[in-house]
file upload.pdb (PDB, C-alpha atoms)
ATOM      1  CA  MET A   1       1.224  69.210 170.702
ATOM      2  CA  LYS A   2       4.343  71.160 169.737
ATOM      3  CA  LYS A   3       7.247  71.030 172.205
ATOM      4  CA  VAL A   4       9.555  74.032 172.505
ATOM      5  CA  ARG A   5      12.808  74.572 174.399
ATOM      6  CA  LYS A   6      14.789  77.809 174.335
ATOM      7  CA  LEU A   7      18.379  77.082 173.343
ATOM      8  CA  TYR A   8      20.037  80.456 173.500
ATOM      9  CA  GLU A   9      19.395  84.195 173.629
ATOM     10  CA  SER A  10      22.159  86.519 172.467
ATOM     11  CA  SER A  11      23.032  89.817 174.110
ATOM     12  CA  SER A  12      21.528  91.556 171.064
ATOM     13  CA  GLY A  13      18.190  89.799 171.550
ATOM     14  CA  ASP A  14      18.326  87.047 168.910
ATOM     15  CA  ARG A  15      16.659  83.864 170.188
ATOM     16  CA  TRP A  16      16.987  80.231 169.122
ATOM     17  CA  TYR A  17      14.560  77.460 170.074
ATOM     18  CA  LEU A  18      14.573  73.702 169.569
ATOM     19  CA  ILE A  19      11.112  72.627 168.391
ATOM     20  CA  ALA A  20       9.498  69.229 167.950
ATOM     21  CA  ASP A  21       6.177  69.395 166.145
ATOM     22  CA  PRO A  22       3.354  66.818 166.384
ATOM     23  CA  SER A  23       4.537  65.068 163.194
ATOM     24  CA  GLY A  24       7.862  64.268 164.881
ATOM     25  CA  ALA A  25       9.881  66.820 162.911
ATOM     26  CA  VAL A  26      12.600  68.527 164.965
ATOM     27  CA  PHE A  27      14.090  71.834 163.885
ATOM     28  CA  ILE A  28      15.605  75.121 165.022
ATOM     29  CA  HIS A  29      13.424  78.231 165.222
ATOM     30  CA  HIS A  30      15.388  81.501 165.097
ATOM     31  CA  GLU A  31      13.906  84.897 165.927
ATOM     32  CA  ALA A  32      16.134  87.809 164.909
ATOM     33  CA  ASN A  33      16.157  90.887 167.118
ATOM     34  CA  ALA A  34      14.021  93.917 166.233
ATOM     35  CA  ALA A  35      17.035  95.919 165.014
ATOM     36  CA  SER A  36      17.744  93.162 162.470
ATOM     37  CA  GLY A  37      14.153  93.177 161.268
ATOM     38  CA  GLY A  38      12.724  90.538 163.595
ATOM     39  CA  HIS A  39      12.748  87.844 160.909
ATOM     40  CA  VAL A  40      11.764  84.309 161.909
ATOM     41  CA  GLU A  41      13.454  81.303 160.306
ATOM     42  CA  HIS A  42      13.126  77.557 160.674
ATOM     43  CA  GLU A  43      16.212  75.503 160.000
ATOM     44  CA  ASP A  44      17.086  71.825 159.838
ATOM     45  CA  ILE A  45      19.331  70.753 162.732
ATOM     46  CA  VAL A  46      22.075  69.466 160.412
ATOM     47  CA  ALA A  47      22.195  72.789 158.544
ATOM     48  CA  PHE A  48      22.133  74.710 161.835
ATOM     49  CA  LEU A  49      25.094  72.786 163.243
ATOM     50  CA  GLY A  50      26.946  72.926 159.923
ATOM     51  CA  ARG A  51      26.953  76.707 159.611
ATOM     52  CA  GLY A  52      29.194  77.540 162.523
ATOM     53  CA  ASP A  53      30.450  77.086 166.045
ATOM     54  CA  GLY A  54      28.595  79.912 167.735
ATOM     55  CA  PRO A  55      27.193  79.820 171.235
ATOM     56  CA  GLU A  56      23.806  78.703 169.902
ATOM     57  CA  GLN A  57      25.349  75.645 168.197
ATOM     58  CA  ARG A  58      27.447  74.857 171.275
ATOM     59  CA  GLU A  59      24.322  74.987 173.445
ATOM     60  CA  LEU A  60      22.514  72.485 171.213
ATOM     61  CA  LEU A  61      25.525  70.147 171.368
ATOM     62  CA  ARG A  62      25.660  70.544 175.159
ATOM     63  CA  LEU A  63      21.956  69.688 175.371
ATOM     64  CA  ILE A  64      22.432  66.603 173.200
ATOM     65  CA  GLY A  65      25.315  65.554 175.450
ATOM     66  CA  THR A  66      23.021  65.580 178.487
ATOM     67  CA  LEU A  67      21.082  62.686 176.915
ATOM     68  CA  VAL A  68      24.018  60.337 177.399
ATOM     69  CA  GLU A  69      24.265  58.788 180.831
ATOM     70  CA  GLU A  70      27.667  57.938 182.145
ATOM     71  CA  HIS A  71      28.001  54.208 182.675
ATOM     72  CA  PRO A  72      30.406  51.494 181.605
ATOM     73  CA  VAL A  73      30.083  50.166 178.080
ATOM     74  CA  HIS A  74      29.712  46.380 177.917
ATOM     75  CA  ALA A  75      30.876  45.077 174.575
TER      76      ALA A  75
END
call {"tool": "encode", "arguments": {"input": "upload.pdb", "output": "structure tokens"}}
result
Amino acid sequence: MKKVRKLYESSSGDRWYLIADPSGAVFIHHEANAASGGHVEHEDIVAFLGRGDGPEQRELLRLIGTLVEEHPVHA
């Protein structure tokens, strides 16, 4: 079963989702707003993060950061 989480929706209506498909692949799904043609794109996470520092990239980084629990490191 595919898992989907909305990352960000811009004020113009563009939407970005984080998707994990049944094969284990994880990628970004972008839906452009109707005024921009409504195009849908799938993008590798590395490419997505590498193309800018927009609010959609910052939200993915924030989400990744929530996976780390705060506790002392024992080395």
call {"tool": "resolve_selection", "arguments": {"input": "upload.pdb", "expression": "the PyMOL selection byres ((chain A and resi 12) around 10)", "output": "list of chain:residue names"}}
result
A:Glu9, A:Ser10, A:Ser11, A:Gly13, A:Asp14, A:Arg15, A:Ala32, A:Asn33, A:Ala34, A:Ala35, A:Ser36
call {"tool": "closest_residue", "arguments": {"input": "upload.pdb", "among": "A:His42, A:His30, A:Lys3, A:Arg62", "to": "A:Trp16", "atoms": "all atoms listed in the file"}}
result
A:His30
call {"tool": "atom_distance", "arguments": {"input": "upload.pdb", "atom1": "atom CA of A:Glu41", "atom2": "atom CA of A:Gly65"}}
result
24.9 Å
call {"tool": "closest_residue", "arguments": {"input": "upload.pdb", "among": "A:Leu18, A:His74, A:Arg58, A:Ile45", "to": "A:Arg5", "atoms": "only C-alpha atoms"}}
result
A:Leu18
call {"tool": "residues_around", "arguments": {"input": "upload.pdb", "residues": "stretch 46-48 of chain A", "least_positions_apart": "4", "cutoff": "8 Å", "atoms": "all atoms listed in the file", "output": "list in words"}}
result
Ile28, Gly52 and Gln57 of chain A
call {"tool": "closest_residue", "arguments": {"input": "upload.pdb", "among": "A:Leu60, A:Met1, A:Gly50, A:Thr66", "to": "A:Ser23", "atoms": "all atoms listed in the file"}}
result
A:Met1
call {"tool": "resolve_selection", "arguments": {"input": "upload.pdb", "expression": "the PyMOL selection byres ((chain A and resi 19) around 9)", "output": "MDAnalysis selection string"}}
result
chainID A and resid 2:6 17:18 20:21 25:29
call {"tool": "atom_distance", "arguments": {"input": "upload.pdb", "atom1": "atom CA of A:Leu67", "atom2": "atom CA of A:Glu31"}}
result
25.8 Å
call {"tool": "closest_residue", "arguments": {"input": "upload.pdb", "among": "A:Leu49, A:Val40, A:Leu63, A:Val68", "to": "A:Leu7", "atoms": "all atoms listed in the file"}}
result
A:Leu63
call {"tool": "build_atoms", "arguments": {"input": "upload.pdb", "residues": "stretch 5-39 of chain A", "atoms": "N, CA and C atoms", "output": "PDB file, in the frame of the given file"}}
result
ATOM      1  N   ARG A   5      11.800  74.320 173.365  1.00  0.00           N
ATOM      2  CA  ARG A   5      12.808  74.572 174.399  1.00  0.00           C
ATOM      3  C   ARG A   5      13.733  75.682 173.909  1.00  0.00           C
ATOM      4  N   LYS A   6      13.876  76.730 174.711  1.00  0.00           N
ATOM      5  CA  LYS A   6      14.789  77.809 174.335  1.00  0.00           C
ATOM      6  C   LYS A   6      16.214  77.290 174.438  1.00  0.00           C
ATOM      7  N   LEU A   7      16.978  77.489 173.360  1.00  0.00           N
ATOM      8  CA  LEU A   7      18.379  77.082 173.343  1.00  0.00           C
ATOM      9  C   LEU A   7      19.290  78.201 173.817  1.00  0.00           C
ATOM     10  N   TYR A   8      19.082  79.393 173.248  1.00  0.00           N
ATOM     11  CA  TYR A   8      20.037  80.456 173.500  1.00  0.00           C
ATOM     12  C   TYR A   8      19.403  81.799 173.171  1.00  0.00           C
ATOM     13  N   GLU A   9      19.770  82.820 173.938  1.00  0.00           N
ATOM     14  CA  GLU A   9      19.395  84.195 173.629  1.00  0.00           C
ATOM     15  C   GLU A   9      20.658  85.044 173.665  1.00  0.00           C
ATOM     16  N   SER A  10      20.942  85.713 172.555  1.00  0.00           N
ATOM     17  CA  SER A  10      22.159  86.519 172.467  1.00  0.00           C
ATOM     18  C   SER A  10      21.979  87.843 173.198  1.00  0.00           C
ATOM     19  N   SER A  11      23.083  88.518 173.440  1.00  0.00           N
ATOM     20  CA  SER A  11      23.032  89.817 174.110  1.00  0.00           C
ATOM     21  C   SER A  11      22.305  90.857 173.259  1.00  0.00           C
ATOM     22  N   SER A  12      22.233  90.622 171.946  1.00  0.00           N
ATOM     23  CA  SER A  12      21.528  91.556 171.064  1.00  0.00           C
ATOM     24  C   SER A  12      20.039  91.243 170.945  1.00  0.00           C
ATOM     25  N   GLY A  13      19.610  90.129 171.541  1.00  0.00           N
ATOM     26  CA  GLY A  13      18.190  89.799 171.550  1.00  0.00           C
ATOM     27  C   GLY A  13      17.761  88.722 170.568  1.00  0.00           C
ATOM     28  N   ASP A  14      18.679  88.187 169.761  1.00  0.00           N
ATOM     29  CA  ASP A  14      18.326  87.047 168.910  1.00  0.00           C
ATOM     30  C   ASP A  14      18.016  85.858 169.817  1.00  0.00           C
ATOM     31  N   ARG A  15      17.036  85.037 169.393  1.00  0.00           N
ATOM     32  CA  ARG A  15      16.659  83.864 170.188  1.00  0.00           C
ATOM     33  C   ARG A  15      16.580  82.635 169.287  1.00  0.00           C
ATOM     34  N   TRP A  16      17.040  81.510 169.813  1.00  0.00           N
ATOM     35  CA  TRP A  16      16.987  80.231 169.122  1.00  0.00           C
ATOM     36  C   TRP A  16      16.241  79.238 170.004  1.00  0.00           C
ATOM     37  N   TYR A  17      15.356  78.462 169.376  1.00  0.00           N
ATOM     38  CA  TYR A  17      14.560  77.460 170.074  1.00  0.00           C
ATOM     39  C   TYR A  17      14.697  76.130 169.352  1.00  0.00           C
ATOM     40  N   LEU A  18      14.661  75.051 170.115  1.00  0.00           N
ATOM     41  CA  LEU A  18      14.573  73.702 169.569  1.00  0.00           C
ATOM     42  C   LEU A  18      13.097  73.331 169.615  1.00  0.00           C
ATOM     43  N   ILE A  19      12.543  72.922 168.468  1.00  0.00           N
ATOM     44  CA  ILE A  19      11.112  72.627 168.391  1.00  0.00           C
ATOM     45  C   ILE A  19      10.902  71.233 167.833  1.00  0.00           C
ATOM     46  N   ALA A  20       9.980  70.508 168.466  1.00  0.00           N
ATOM     47  CA  ALA A  20       9.498  69.229 167.950  1.00  0.00           C
ATOM     48  C   ALA A  20       8.011  69.404 167.691  1.00  0.00           C
ATOM     49  N   ASP A  21       7.592  69.218 166.440  1.00  0.00           N
ATOM     50  CA  ASP A  21       6.177  69.395 166.145  1.00  0.00           C
ATOM     51  C   ASP A  21       5.451  68.052 166.249  1.00  0.00           C
ATOM     52  N   PRO A  22       4.118  68.059 166.204  1.00  0.00           N
ATOM     53  CA  PRO A  22       3.354  66.818 166.384  1.00  0.00           C
ATOM     54  C   PRO A  22       3.674  65.714 165.374  1.00  0.00           C
ATOM     55  N   SER A  23       4.198  66.086 164.201  1.00  0.00           N
ATOM     56  CA  SER A  23       4.537  65.068 163.194  1.00  0.00           C
ATOM     57  C   SER A  23       5.828  64.329 163.534  1.00  0.00           C
ATOM     58  N   GLY A  24       6.579  64.857 164.517  1.00  0.00           N
ATOM     59  CA  GLY A  24       7.862  64.268 164.881  1.00  0.00           C
ATOM     60  C   GLY A  24       9.047  65.023 164.306  1.00  0.00           C
ATOM     61  N   ALA A  25       8.791  66.013 163.470  1.00  0.00           N
ATOM     62  CA  ALA A  25       9.881  66.820 162.911  1.00  0.00           C
ATOM     63  C   ALA A  25      10.523  67.650 164.020  1.00  0.00           C
ATOM     64  N   VAL A  26      11.848  67.734 163.986  1.00  0.00           N
ATOM     65  CA  VAL A  26      12.600  68.527 164.965  1.00  0.00           C
ATOM     66  C   VAL A  26      13.435  69.532 164.191  1.00  0.00           C
ATOM     67  N   PHE A  27      13.381  70.790 164.609  1.00  0.00           N
ATOM     68  CA  PHE A  27      14.090  71.834 163.885  1.00  0.00           C
ATOM     69  C   PHE A  27      14.430  72.986 164.815  1.00  0.00           C
ATOM     70  N   ILE A  28      15.220  73.920 164.295  1.00  0.00           N
ATOM     71  CA  ILE A  28      15.605  75.121 165.022  1.00  0.00           C
ATOM     72  C   ILE A  28      14.726  76.271 164.545  1.00  0.00           C
ATOM     73  N   HIS A  29      14.219  77.032 165.485  1.00  0.00           N
ATOM     74  CA  HIS A  29      13.424  78.231 165.222  1.00  0.00           C
ATOM     75  C   HIS A  29      14.274  79.410 165.689  1.00  0.00           C
ATOM     76  N   HIS A  30      14.559  80.335 164.776  1.00  0.00           N
ATOM     77  CA  HIS A  30      15.388  81.501 165.097  1.00  0.00           C
ATOM     78  C   HIS A  30      14.552  82.756 164.940  1.00  0.00           C
ATOM     79  N   GLU A  31      14.571  83.600 165.967  1.00  0.00           N
ATOM     80  CA  GLU A  31      13.906  84.897 165.927  1.00  0.00           C
ATOM     81  C   GLU A  31      14.982  85.973 166.013  1.00  0.00           C
ATOM     82  N   ALA A  32      15.154  86.718 164.916  1.00  0.00           N
ATOM     83  CA  ALA A  32      16.134  87.809 164.909  1.00  0.00           C
ATOM     84  C   ALA A  32      15.625  88.957 165.781  1.00  0.00           C
ATOM     85  N   ASN A  33      16.553  89.749 166.282  1.00  0.00           N
ATOM     86  CA  ASN A  33      16.157  90.887 167.118  1.00  0.00           C
ATOM     87  C   ASN A  33      15.461  91.950 166.268  1.00  0.00           C
ATOM     88  N   ALA A  34      14.788  92.874 166.936  1.00  0.00           N
ATOM     89  CA  ALA A  34      14.021  93.917 166.233  1.00  0.00           C
ATOM     90  C   ALA A  34      14.915  94.776 165.341  1.00  0.00           C
ATOM     91  N   ALA A  35      16.120  95.088 165.800  1.00  0.00           N
ATOM     92  CA  ALA A  35      17.035  95.919 165.014  1.00  0.00           C
ATOM     93  C   ALA A  35      17.437  95.240 163.703  1.00  0.00           C
ATOM     94  N   SER A  36      17.412  93.923 163.687  1.00  0.00           N
ATOM     95  CA  SER A  36      17.744  93.162 162.470  1.00  0.00           C
ATOM     96  C   SER A  36      16.510  92.861 161.627  1.00  0.00           C
ATOM     97  N   GLY A  37      15.378  93.382 162.035  1.00  0.00           N
ATOM     98  CA  GLY A  37      14.153  93.177 161.268  1.00  0.00           C
ATOM     99  C   GLY A  37      13.198  92.175 161.868  1.00  0.00           C
ATOM    100  N   GLY A  38      13.613  91.476 162.918  1.00  0.00           N
ATOM    101  CA  GLY A  38      12.724  90.538 163.595  1.00  0.00           C
ATOM    102  C   GLY A  38      12.308  89.332 162.776  1.00  0.00           C
ATOM    103  N   HIS A  39      13.094  88.974 161.772  1.00  0.00           N
ATOM    104  CA  HIS A  39      12.748  87.844 160.909  1.00  0.00           C
ATOM    105  C   HIS A  39      12.746  86.538 161.692  1.00  0.00           C
TER     106      HIS A  39
END
